[in-house]
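Before any comments, here is the structure.
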Amino acid sequence: MIAFLSRLFARAVPALLQASPRDAHAIAELHAASFSRGWSEAEIEAMLLERNVVAHRALLGQRFAGFILSRLAGDEAEILSIAVVSARRGRGVARALLDLNMRRLAGLGARAVFLEVDEDNEPARRLYARAGFHEVGKRPGYYRQDKGAAATALVLRRDLA
Ligand SMILES: CC(C)(COP(=O)(O)OP(=O)(O)OC[C@H]1O[C@@H](n2cnc3c(N)ncnc32)[C@H](O)[C@@H]1OP(=O)(O)O)[C@@H](O)C(=O)NCCC(=O)NCCS
């Protein structure tokens, strides 16, 4: 039974929905688990209330599996954050969230999307490369780390046709 259920979930297509302030708690928990400086629930809730923030969440079965937040300014947008629950990674959830979010941004008039990614974050770099982003800048020492040198941020861009 357990093996059957895990096979079922491994193949399950994520259900993607627009996120609302009611999702702030789940998003804040996942953000804190995914990044060294997590955003508080209040910060996330404030973002979800902004008119120019485009937010989606993913469910696998009934369970919260991930989110994406972006912000539109004129005809440019920035991906603010994306994360997937660690037990649900590698199943295309982030790819699906990113595709939907960018389609929504294009529908709202965005012509280019930017983001910053830690140059050592291999899964995220592959996700963005597969989604058509390319490097347009580098910010050495951008991410402060607990130990050692601060990591470099790559600035990536994707044009929306
Ligand atoms: C980055 C992250 C969002 C990817 O989520 P995901 O749902 O596992 O990603 P997907 O399954 O949609 O995979 C998308 C692509 O990413 C790459 N990828 C995913 N997991 C990977 C891994 N562990 N190692 C290498 N590449 C990986 C793959 O290239 C994949 O595409 P492909 O299999 O078609 O080649 C997830 O690892 C995460 O939440 N990380 C912590 C938060 C974070 O770093 N966010 C990005 C900040 S810029």
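Naming scheme: A, B, ... for chains in displayed order of the structure tokens; residues 1 onward per chain; ligands 1 onward as shown.
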Residues of chain A at most 6 Å from ligand 1: nearest atom pair and distance in Å, only C-alpha atoms and all ligand atoms, as a tab-separated table:
residue	atom	partner	partner_atom_place_in_ligand_line	distance
A:Ser34	CA	ligand 1	41 (C)	4.8
A:Ser81	CA	ligand 1	47 (C)	6.0
A:Ile82	CA	ligand 1	45 (N)	5.0
A:Ala83	CA	ligand 1	39 (O)	3.3
A:Val84	CA	ligand 1	39 (O)	3.8
A:Arg89	CA	ligand 1	8 (O)	3.3
A:Gly90	CA	ligand 1	11 (O)	3.3
A:Arg91	CA	ligand 1	11 (O)	4.0
A:Gly92	CA	ligand 1	12 (O)	3.1
A:Val93	CA	ligand 1	7 (O)	4.0
A:Ala94	CA	ligand 1	12 (O)	3.7
A:Arg95	CA	ligand 1	12 (O)	3.7
A:Val117	CA	ligand 1	48 (S)	4.2
A:Glu122	CA	ligand 1	25 (C)	5.5
A:Pro123	CA	ligand 1	27 (C)	3.6
A:Ala124	CA	ligand 1	1 (C)	3.8
A:Arg126	CA	ligand 1	29 (O)	4.3
A:Leu127	CA	ligand 1	16 (O)	3.5
Tell me, which residues of region 2-75 of chain A carry DSSP helix (DSSP H, G or I), written as a VMD selection string? chain A and resid 2 to 11 21 to 34 41 to 49
Residue contacts of Ala112 (chain A) (7 Å, only C-alpha atoms) excluding same-chain residues fewer than 5 positions away, as a list in words: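 What passes the distance filter is Asp75, Glu76, Ala77, Arg157, Arg158, Asp159 and Leu160 of chain A.
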Would you mind exporting the chosen residues as a JSON list (two decimals), in the first residue's frame, restricted to C-alpha atoms?
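Heads up, here's the output in again.json:
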[["chain", "number", "residue", "atom", "x", "y", "z"],
["A", 75, "ASP", "CA", 7.38, 45.82, -18.16],
["A", 76, "GLU", "CA", 10.01, 44.04, -16.07],
["A", 77, "ALA", "CA", 9.53, 41.43, -13.38],
["A", 157, "ARG", "CA", 17.36, 37.23, -17.38],
["A", 158, "ARG", "CA", 14.73, 35.77, -19.63],
["A", 159, "ASP", "CA", 12.88, 37.70, -22.28],
["A", 160, "LEU", "CA", 9.18, 36.99, -22.65]]
For Leu59 (chain A), which of A:Glu78, A:Glu135, A:Asp23, A:Glu43 is the closest residue, counting only C-alpha atoms? A:Asp23
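Rounded to one decimal, CA of Leu100 (chain A) and CA of Ala151 (chain A) lie 29.2 Å from each other.
Proximity to Asn52 (chain A) was assessed for A:Leu72, A:Ala19, A:Val13, A:Ala32 counting only C-alpha atoms; the smallest distance is recorded for A:Leu72.
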Interatomic distance, CA of Leu49 (chain A) to CA of Glu29 (chain A) (Å, one decimal): 18.1 Å
Please list as a count of residues only every residue within 10 Å of His56 (chain A), counting only C-alpha atoms and excluding residues in the same chain fewer than 6 positions away. 18
Determine the nearest neighbour of Ala161 (chain A) from the options A:Leu60, A:Val85, A:Val113, A:His31, counting only C-alpha atoms.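 So, comparing all the options, the nearest one is A:Val113.
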Assign secondary structure with DSSP using the backbone only, and return the residues of chain A in strand (DSSP E or B) as a VMD selection string. chain A and resid 15 to 18 53 to 60 63 to 73 76 to 84 112 to 118 134 to 143 151 to 159
Take the selection from the previous step and output its residues with C-alpha atoms, as a PDB file, in the first residue's frame.
ATOM      1  CA  ALA A  15      -2.180  21.343  -8.774  1.00  0.00           C
ATOM      2  CA  LEU A  16      -1.166  24.977  -9.211  1.00  0.00           C
ATOM      3  CA  LEU A  17      -3.181  27.769  -7.657  1.00  0.00           C
ATOM      4  CA  GLN A  18      -2.843  31.473  -7.108  1.00  0.00           C
ATOM      5  CA  VAL A  53       3.162  40.605  -6.542  1.00  0.00           C
ATOM      6  CA  VAL A  54       2.273  37.472  -8.500  1.00  0.00           C
ATOM      7  CA  ALA A  55       2.206  34.398  -6.275  1.00  0.00           C
ATOM      8  CA  HIS A  56       1.414  30.745  -6.906  1.00  0.00           C
ATOM      9  CA  ARG A  57       1.440  27.658  -4.765  1.00  0.00           C
ATOM     10  CA  ALA A  58       1.555  23.981  -5.664  1.00  0.00           C
ATOM     11  CA  LEU A  59      -0.274  21.100  -4.063  1.00  0.00           C
ATOM     12  CA  LEU A  60       0.583  17.426  -4.509  1.00  0.00           C
ATOM     13  CA  ARG A  63      -0.373  18.742   0.576  1.00  0.00           C
ATOM     14  CA  PHE A  64       1.385  22.049   0.157  1.00  0.00           C
ATOM     15  CA  ALA A  65       4.407  21.322  -2.068  1.00  0.00           C
ATOM     16  CA  GLY A  66       5.892  24.666  -3.066  1.00  0.00           C
ATOM     17  CA  PHE A  67       5.484  28.311  -3.979  1.00  0.00           C
ATOM     18  CA  ILE A  68       6.771  31.064  -6.237  1.00  0.00           C
ATOM     19  CA  LEU A  69       6.656  34.826  -5.674  1.00  0.00           C
ATOM     20  CA  SER A  70       7.470  37.454  -8.277  1.00  0.00           C
ATOM     21  CA  ARG A  71       7.040  41.193  -8.534  1.00  0.00           C
ATOM     22  CA  LEU A  72       6.116  43.218 -11.592  1.00  0.00           C
ATOM     23  CA  ALA A  73       7.459  46.744 -12.136  1.00  0.00           C
ATOM     24  CA  GLU A  76      10.011  44.039 -16.074  1.00  0.00           C
ATOM     25  CA  ALA A  77       9.533  41.427 -13.384  1.00  0.00           C
ATOM     26  CA  GLU A  78      11.696  39.796 -10.748  1.00  0.00           C
ATOM     27  CA  ILE A  79      11.374  36.309  -9.321  1.00  0.00           C
ATOM     28  CA  LEU A  80      11.600  36.997  -5.579  1.00  0.00           C
ATOM     29  CA  SER A  81      11.627  33.435  -4.343  1.00  0.00           C
ATOM     30  CA  ILE A  82      10.774  29.873  -5.289  1.00  0.00           C
ATOM     31  CA  ALA A  83      11.001  26.745  -3.166  1.00  0.00           C
ATOM     32  CA  VAL A  84       9.674  23.212  -3.120  1.00  0.00           C
ATOM     33  CA  ALA A 112      11.644  40.470 -19.282  1.00  0.00           C
ATOM     34  CA  VAL A 113      12.097  38.531 -16.052  1.00  0.00           C
ATOM     35  CA  PHE A 114      15.164  38.808 -13.804  1.00  0.00           C
ATOM     36  CA  LEU A 115      16.351  36.878 -10.791  1.00  0.00           C
ATOM     37  CA  GLU A 116      19.387  36.294  -8.610  1.00  0.00           C
ATOM     38  CA  VAL A 117      20.735  32.857  -7.846  1.00  0.00           C
ATOM     39  CA  ASP A 118      23.637  31.645  -5.743  1.00  0.00           C
ATOM     40  CA  HIS A 134      20.768  33.394 -19.240  1.00  0.00           C
ATOM     41  CA  GLU A 135      23.404  35.168 -17.181  1.00  0.00           C
ATOM     42  CA  VAL A 136      23.565  38.955 -17.468  1.00  0.00           C
ATOM     43  CA  GLY A 137      25.566  39.866 -14.355  1.00  0.00           C
ATOM     44  CA  LYS A 138      27.499  38.711 -11.324  1.00  0.00           C
ATOM     45  CA  ARG A 139      27.489  40.039  -7.744  1.00  0.00           C
ATOM     46  CA  PRO A 140      30.488  38.679  -5.829  1.00  0.00           C
ATOM     47  CA  GLY A 141      30.015  38.432  -2.061  1.00  0.00           C
ATOM     48  CA  TYR A 142      26.254  38.922  -2.359  1.00  0.00           C
ATOM     49  CA  TYR A 143      25.084  36.047  -0.164  1.00  0.00           C
ATOM     50  CA  ALA A 151      28.792  33.429  -2.145  1.00  0.00           C
ATOM     51  CA  THR A 152      28.440  35.065  -5.542  1.00  0.00           C
ATOM     52  CA  ALA A 153      25.009  35.834  -6.957  1.00  0.00           C
ATOM     53  CA  LEU A 154      24.415  35.437 -10.670  1.00  0.00           C
ATOM     54  CA  VAL A 155      21.872  37.766 -12.224  1.00  0.00           C
ATOM     55  CA  LEU A 156      19.784  35.920 -14.800  1.00  0.00           C
ATOM     56  CA  ARG A 157      17.359  37.230 -17.377  1.00  0.00           C
ATOM     57  CA  ARG A 158      14.730  35.770 -19.629  1.00  0.00           C
ATOM     58  CA  ASP A 159      12.879  37.703 -22.281  1.00  0.00           C
TER      59      ASP A 159
END
One decimal, in Å: what's the spacing between CA of Ala28 (chain A) and CA of Ala131 (chain A)? 25.1 Å
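Taking only C-alpha atoms into account, Met102 (chain A) lies nearest to A:Gly132 out of the set A:Gly132, A:Arg88, A:Arg125, A:Glu45.
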Compare A:Gly74, A:Arg51, A:Arg144, A:Ile27 by their minimum atom-to-atom distance to Gly109 (chain A), counting only C-alpha atoms, and give me the closest one. A:Gly74
